[in-house]
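**Q** Dropping in query05.cif, which is mmCIF, C-alpha atoms and all ligand atoms:
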data_final
loop_
_atom_site.label_atom_id
_atom_site.label_comp_id
_atom_site.auth_asym_id
_atom_site.auth_seq_id
_atom_site.Cartn_x
_atom_site.Cartn_y
_atom_site.Cartn_z
CA THR A 1 0.00 0.00 0.00
CA HIS A 2 2.96 2.29 -0.71
CA ASN A 3 1.86 3.09 -4.26
CA HIS A 4 1.99 6.86 -3.71
CA LEU A 5 5.62 6.81 -2.59
CA ASP A 6 8.84 7.42 -4.56
CA ASP A 7 11.65 4.87 -4.25
CA ASN A 8 14.32 7.58 -4.48
CA CYS A 9 12.90 10.00 -1.90
CA ILE A 10 14.44 10.19 1.59
CA PHE A 11 11.12 11.06 3.28
CA CYS A 12 9.34 8.22 1.44
CA LYS A 13 12.07 5.92 2.77
CA ILE A 14 11.36 7.25 6.28
CA ILE A 15 7.63 6.52 5.82
CA LYS A 16 8.49 2.96 4.70
CA LYS A 17 10.91 2.71 7.66
CA ASP A 18 13.68 1.82 5.21
CA ILE A 19 15.69 4.48 7.01
CA PRO A 20 15.22 5.21 10.72
CA SER A 21 13.53 8.23 12.25
CA PHE A 22 12.27 9.30 15.67
CA LYS A 23 8.53 8.81 15.10
CA LEU A 24 6.00 10.92 17.00
CA LEU A 25 2.66 10.01 15.43
CA GLU A 26 1.38 8.13 12.42
CA THR A 27 -1.95 7.75 10.65
CA GLU A 28 -2.99 5.98 7.46
CA LYS A 29 -2.20 9.18 5.52
CA SER A 30 0.47 11.04 7.54
CA TYR A 31 3.72 10.55 9.41
CA ALA A 32 5.21 12.84 12.08
CA PHE A 33 8.84 12.64 13.23
CA MET A 34 11.63 14.68 14.80
CA ASP A 35 13.78 16.86 12.55
CA ILE A 36 17.34 15.51 12.39
CA GLU A 37 18.83 19.03 12.48
CA PRO A 38 16.46 20.89 14.84
CA LEU A 39 16.26 24.68 14.67
CA SER A 40 15.11 24.55 18.31
CA GLU A 41 14.52 21.79 20.86
CA GLY A 42 11.43 19.80 19.79
CA HIS A 43 11.50 20.74 16.08
CA SER A 44 9.41 18.14 14.24
CA LEU A 45 8.01 17.48 10.76
CA VAL A 46 4.64 16.20 9.54
CA ILE A 47 4.51 14.69 6.05
CA PRO A 48 1.84 13.14 3.83
CA LYS A 49 2.23 9.46 2.89
CA TYR A 50 1.98 10.72 -0.67
CA HIS A 51 5.05 11.78 -2.61
CA ALA A 52 4.75 15.31 -3.99
CA GLU A 53 7.26 18.12 -4.14
CA PHE A 54 4.72 20.94 -3.74
CA MET A 55 1.79 21.43 -1.38
CA HIS A 56 -0.60 22.15 -4.27
CA GLN A 57 0.09 18.67 -5.68
CA VAL A 58 -1.10 16.85 -2.55
CA PRO A 59 -4.67 15.46 -2.66
CA ASP A 60 -7.09 17.15 -0.26
CA ASP A 61 -7.62 14.07 1.90
CA TYR A 62 -3.88 13.76 2.58
CA LEU A 63 -3.54 17.48 3.22
CA ALA A 64 -6.52 17.48 5.57
CA ASP A 65 -4.92 14.75 7.69
CA ILE A 66 -1.78 16.81 8.35
CA MET A 67 -3.00 19.73 10.47
CA PRO A 68 -4.68 17.65 13.19
CA LEU A 69 -1.33 15.89 13.71
CA ALA A 70 0.49 19.23 13.87
CA LYS A 71 -2.08 20.36 16.43
CA LYS A 72 -1.63 17.21 18.56
CA ILE A 73 2.15 17.65 18.54
CA ALA A 74 1.98 21.30 19.55
CA ALA A 75 -0.54 20.53 22.30
CA ALA A 76 1.24 17.42 23.61
CA GLY A 77 4.58 19.24 23.52
CA GLY A 78 3.15 22.02 25.64
CA PHE A 79 4.64 24.59 23.30
CA ALA A 80 3.66 28.10 24.42
CA GLN A 81 4.78 29.62 21.12
CA TYR A 82 5.85 28.03 17.86
CA ASN A 83 6.02 28.39 14.07
CA VAL A 84 4.29 26.07 11.61
CA LEU A 85 6.25 26.40 8.39
CA GLN A 86 6.00 24.79 4.95
CA ASN A 87 8.44 25.65 2.13
CA ASN A 88 7.68 25.12 -1.57
CA GLY A 89 10.62 25.20 -3.97
CA LYS A 90 14.31 26.00 -3.72
CA LEU A 91 13.69 29.76 -3.79
CA ALA A 92 11.46 29.25 -0.74
CA ASN A 93 14.21 27.34 1.13
CA GLN A 94 12.84 23.85 0.44
CA ALA A 95 15.70 21.32 0.63
CA VAL A 96 13.79 18.01 0.67
CA PRO A 97 11.42 17.63 -2.32
CA HIS A 98 8.66 15.85 -0.37
CA VAL A 99 6.04 18.13 1.18
CA HIS A 100 6.63 18.65 4.90
CA PHE A 101 5.24 20.92 7.61
CA HIS A 102 7.74 22.10 10.22
CA ILE A 103 6.60 22.61 13.81
CA ILE A 104 9.26 24.75 15.44
CA PRO A 105 8.95 25.56 19.15
CA LYS A 106 10.06 29.04 20.17
CA PRO A 107 11.76 29.08 23.57
CA ASP A 108 10.91 32.15 25.68
CA GLN A 109 14.22 33.91 25.08
CA GLU A 110 13.80 33.78 21.30
CA THR A 111 11.76 36.27 19.28
CA GLY A 112 10.65 36.69 15.71
CA LEU A 113 9.82 34.23 12.96
CA GLY A 114 11.94 31.13 12.30
P1 LIG B 201 13.20 22.22 4.17
O1 LIG B 201 14.34 23.19 4.12
O2 LIG B 201 13.19 21.32 2.96
O3 LIG B 201 11.88 22.87 4.42
O4 LIG B 201 13.46 21.33 5.44
C1 LIG B 201 13.94 20.02 5.39
C2 LIG B 201 14.11 19.55 6.82
O5 LIG B 201 14.28 18.14 6.82
C3 LIG B 201 15.33 20.16 7.51
O6 LIG B 201 14.91 20.79 8.71
C4 LIG B 201 16.22 18.95 7.78
O7 LIG B 201 16.92 19.04 9.00
C5 LIG B 201 15.26 17.80 7.77
N1 LIG B 201 15.83 16.53 7.31
C6 LIG B 201 16.56 16.34 6.18
N2 LIG B 201 16.91 15.05 6.06
C7 LIG B 201 16.39 14.42 7.15
C8 LIG B 201 16.42 13.05 7.59
O8 LIG B 201 17.00 12.16 6.96
N3 LIG B 201 15.78 12.76 8.75
C9 LIG B 201 15.13 13.73 9.47
N4 LIG B 201 14.52 13.33 10.61
N5 LIG B 201 15.07 15.02 9.08
C10 LIG B 201 15.70 15.35 7.94
ZN ZN B 202 8.70 11.31 -1.03
#
Now that the file is in, can you turn its structure into structure tokens?

**A**
Amino acid sequence: THNHLDDNCIFCKIIKKDIPSFKLLETEKSYAFMDIEPLSEGHSLVIPKYHAEFMHQVPDDYLADIMPLAKKIAAAGGFAQYNVLQNNGKLANQAVPHVHFHIIPKPDQETGLG
């Protein structure tokens, strides 16, 4: 049931558990895990189990499954303040070409956006 995944994509490999990750939550359509190079303590990512480079290419049902997971993570993490960030394309700072939503906690001493 991995027919929407791309054999050459690192995040698809994480979904298939072909490469390890620190998993937080998983549904039929989404996977949430810790960022390997966190911008702050607790930085995580939520991705659709559907390979697409850009957010506008992701089917609505996959996209709709993402935000409730982001919400659960922010609530369970007890984050007082945080950024939810999603980059599309190299010019927008996207490094991994599989859609992902960052959840980046903002410790009290930090200010501003990501
Ligand atoms: P982007 O700049 O594409 O929006 O963000 C990609 C994010 O994926 C970065 O924060 C980076 O640290 C994270 N990342 C890249 N490769 C891996 C990996 O193999 N495992 C995990 N857990 N995170 C990764
Ligand atoms: Zn992928």

**Q** Kindly indicate which residue among A:Ala52, A:Ile103, A:Ala64, A:Leu85 lies nearest to A:Leu5, using only C-alpha atoms for the distances.

**A**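 Using only C-alpha atoms, the shortest distance to A:Leu5 belongs to A:Ala52.
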
**Q** Considering all atoms listed in the file, can you say which of A:Ser40, A:Gln81, A:Ser30, A:Ser21 comes closest to ligand LIG 201 (chain B)?

**A** A:Ser21

**Q** What gap, in Å, lies between atom CA of A:Phe22 and atom CA of A:Asp61?

**A**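 A separation of 24.7 Å between them.
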
**Q** Return as JSON the centre and edge lengths, in Å with one decimal, of the box along x, y and z that encloses every atom of stretch 62-81 of chain A in the file, padded by 3 Å per side.

**A**
{"center_x": -0.9, "center_y": 21.7, "center_z": 14.1, "size_x": 17.3, "size_y": 21.9, "size_z": 29.1}

**Q** Let me have all residues with an atom within 6 Å of ligand ZN 202 (chain B), counting only C-alpha atoms and all ligand atoms, laid out as a ChimeraX atom specification.

**A** /A:5-6,9,11-12,51,98

**Q** From the list A:Asp18, A:Glu53, A:Glu37, A:Asp65, which residue is nearest ligand LIG 201 (chain B) when using only C-alpha atoms and all ligand atoms?

**A** A:Glu37

**Q** Could you pull the residues within 6 Å of A:His102, counting only C-alpha atoms, minus those fewer than 3 positions along the same chain, as a list of chain:residue names?

**A** A:Ser44, A:Leu45, A:Val84, A:Leu85

**Q** Point out the residue among A:Leu24, A:Val46, A:Ala95, A:Ile19 with the least atom-to-atom distance to ligand LIG 201 (chain B), counting only C-alpha atoms and all ligand atoms.

**A**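 Going through A:Leu24, A:Val46, A:Ala95, A:Ile19 one by one, the smallest distance to ligand LIG 201 (chain B) is for A:Ala95.
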
**Q** Separation of atom CA of A:Val96 and atom CA of A:Thr27, in Å?

**A**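 Between atom CA of A:Val96 and atom CA of A:Thr27 the gap works out to 21.3 Å.
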
**Q** What residues have any atom no more than 7 Å from ligand LIG 201 (chain B) when counting all atoms listed in the file, and can you list them as a count of residues only?

**A** 17

**Q** Output file request: chain A, with C-alpha atoms, as a compact mmCIF listing (two decimals), in the first residue's frame.

**A**
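Saved to out_37.txt:
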# COMPACT_ATOMS: atom_id res chain seq x y z
CA THR A 1 0.00 0.00 0.00
CA HIS A 2 2.96 2.29 -0.71
CA ASN A 3 1.86 3.09 -4.26
CA HIS A 4 1.99 6.86 -3.71
CA LEU A 5 5.62 6.81 -2.59
CA ASP A 6 8.84 7.42 -4.56
CA ASP A 7 11.65 4.87 -4.25
CA ASN A 8 14.32 7.58 -4.48
CA CYS A 9 12.90 10.00 -1.90
CA ILE A 10 14.44 10.19 1.59
CA PHE A 11 11.12 11.06 3.28
CA CYS A 12 9.34 8.22 1.44
CA LYS A 13 12.07 5.92 2.77
CA ILE A 14 11.36 7.25 6.28
CA ILE A 15 7.63 6.52 5.82
CA LYS A 16 8.49 2.96 4.70
CA LYS A 17 10.91 2.71 7.66
CA ASP A 18 13.68 1.82 5.21
CA ILE A 19 15.69 4.48 7.01
CA PRO A 20 15.22 5.21 10.72
CA SER A 21 13.53 8.23 12.25
CA PHE A 22 12.27 9.30 15.67
CA LYS A 23 8.53 8.81 15.10
CA LEU A 24 6.00 10.92 17.00
CA LEU A 25 2.66 10.01 15.43
CA GLU A 26 1.38 8.13 12.42
CA THR A 27 -1.95 7.75 10.65
CA GLU A 28 -2.99 5.98 7.46
CA LYS A 29 -2.20 9.18 5.52
CA SER A 30 0.47 11.04 7.54
CA TYR A 31 3.72 10.55 9.41
CA ALA A 32 5.21 12.84 12.08
CA PHE A 33 8.84 12.64 13.23
CA MET A 34 11.63 14.68 14.80
CA ASP A 35 13.78 16.86 12.55
CA ILE A 36 17.34 15.51 12.39
CA GLU A 37 18.83 19.03 12.48
CA PRO A 38 16.46 20.89 14.84
CA LEU A 39 16.26 24.68 14.67
CA SER A 40 15.11 24.55 18.31
CA GLU A 41 14.52 21.79 20.86
CA GLY A 42 11.43 19.80 19.79
CA HIS A 43 11.50 20.74 16.08
CA SER A 44 9.41 18.14 14.24
CA LEU A 45 8.01 17.48 10.76
CA VAL A 46 4.64 16.20 9.54
CA ILE A 47 4.51 14.69 6.05
CA PRO A 48 1.84 13.14 3.83
CA LYS A 49 2.23 9.46 2.89
CA TYR A 50 1.98 10.72 -0.67
CA HIS A 51 5.05 11.78 -2.61
CA ALA A 52 4.75 15.31 -3.99
CA GLU A 53 7.26 18.12 -4.14
CA PHE A 54 4.72 20.94 -3.74
CA MET A 55 1.79 21.43 -1.38
CA HIS A 56 -0.60 22.15 -4.27
CA GLN A 57 0.09 18.67 -5.68
CA VAL A 58 -1.10 16.85 -2.55
CA PRO A 59 -4.67 15.46 -2.66
CA ASP A 60 -7.09 17.15 -0.26
CA ASP A 61 -7.62 14.07 1.90
CA TYR A 62 -3.88 13.76 2.58
CA LEU A 63 -3.54 17.48 3.22
CA ALA A 64 -6.52 17.48 5.57
CA ASP A 65 -4.92 14.75 7.69
CA ILE A 66 -1.78 16.81 8.35
CA MET A 67 -3.00 19.73 10.47
CA PRO A 68 -4.68 17.65 13.19
CA LEU A 69 -1.33 15.89 13.71
CA ALA A 70 0.49 19.23 13.87
CA LYS A 71 -2.08 20.36 16.43
CA LYS A 72 -1.63 17.21 18.56
CA ILE A 73 2.15 17.65 18.54
CA ALA A 74 1.98 21.30 19.55
CA ALA A 75 -0.54 20.53 22.30
CA ALA A 76 1.24 17.42 23.61
CA GLY A 77 4.58 19.24 23.52
CA GLY A 78 3.15 22.02 25.64
CA PHE A 79 4.64 24.59 23.30
CA ALA A 80 3.66 28.10 24.42
CA GLN A 81 4.78 29.62 21.12
CA TYR A 82 5.85 28.03 17.86
CA ASN A 83 6.02 28.39 14.07
CA VAL A 84 4.29 26.07 11.61
CA LEU A 85 6.25 26.40 8.39
CA GLN A 86 6.00 24.79 4.95
CA ASN A 87 8.44 25.65 2.13
CA ASN A 88 7.68 25.12 -1.57
CA GLY A 89 10.62 25.20 -3.97
CA LYS A 90 14.31 26.00 -3.72
CA LEU A 91 13.69 29.76 -3.79
CA ALA A 92 11.46 29.25 -0.74
CA ASN A 93 14.21 27.34 1.13
CA GLN A 94 12.84 23.85 0.44
CA ALA A 95 15.70 21.32 0.63
CA VAL A 96 13.79 18.01 0.67
CA PRO A 97 11.42 17.63 -2.32
CA HIS A 98 8.66 15.85 -0.37
CA VAL A 99 6.04 18.13 1.18
CA HIS A 100 6.63 18.65 4.90
CA PHE A 101 5.24 20.92 7.61
CA HIS A 102 7.74 22.10 10.22
CA ILE A 103 6.60 22.61 13.81
CA ILE A 104 9.26 24.75 15.44
CA PRO A 105 8.95 25.56 19.15
CA LYS A 106 10.06 29.04 20.17
CA PRO A 107 11.76 29.08 23.57
CA ASP A 108 10.91 32.15 25.68
CA GLN A 109 14.22 33.91 25.08
CA GLU A 110 13.80 33.78 21.30
CA THR A 111 11.76 36.27 19.28
CA GLY A 112 10.65 36.69 15.71
CA LEU A 113 9.82 34.23 12.96
CA GLY A 114 11.94 31.13 12.30
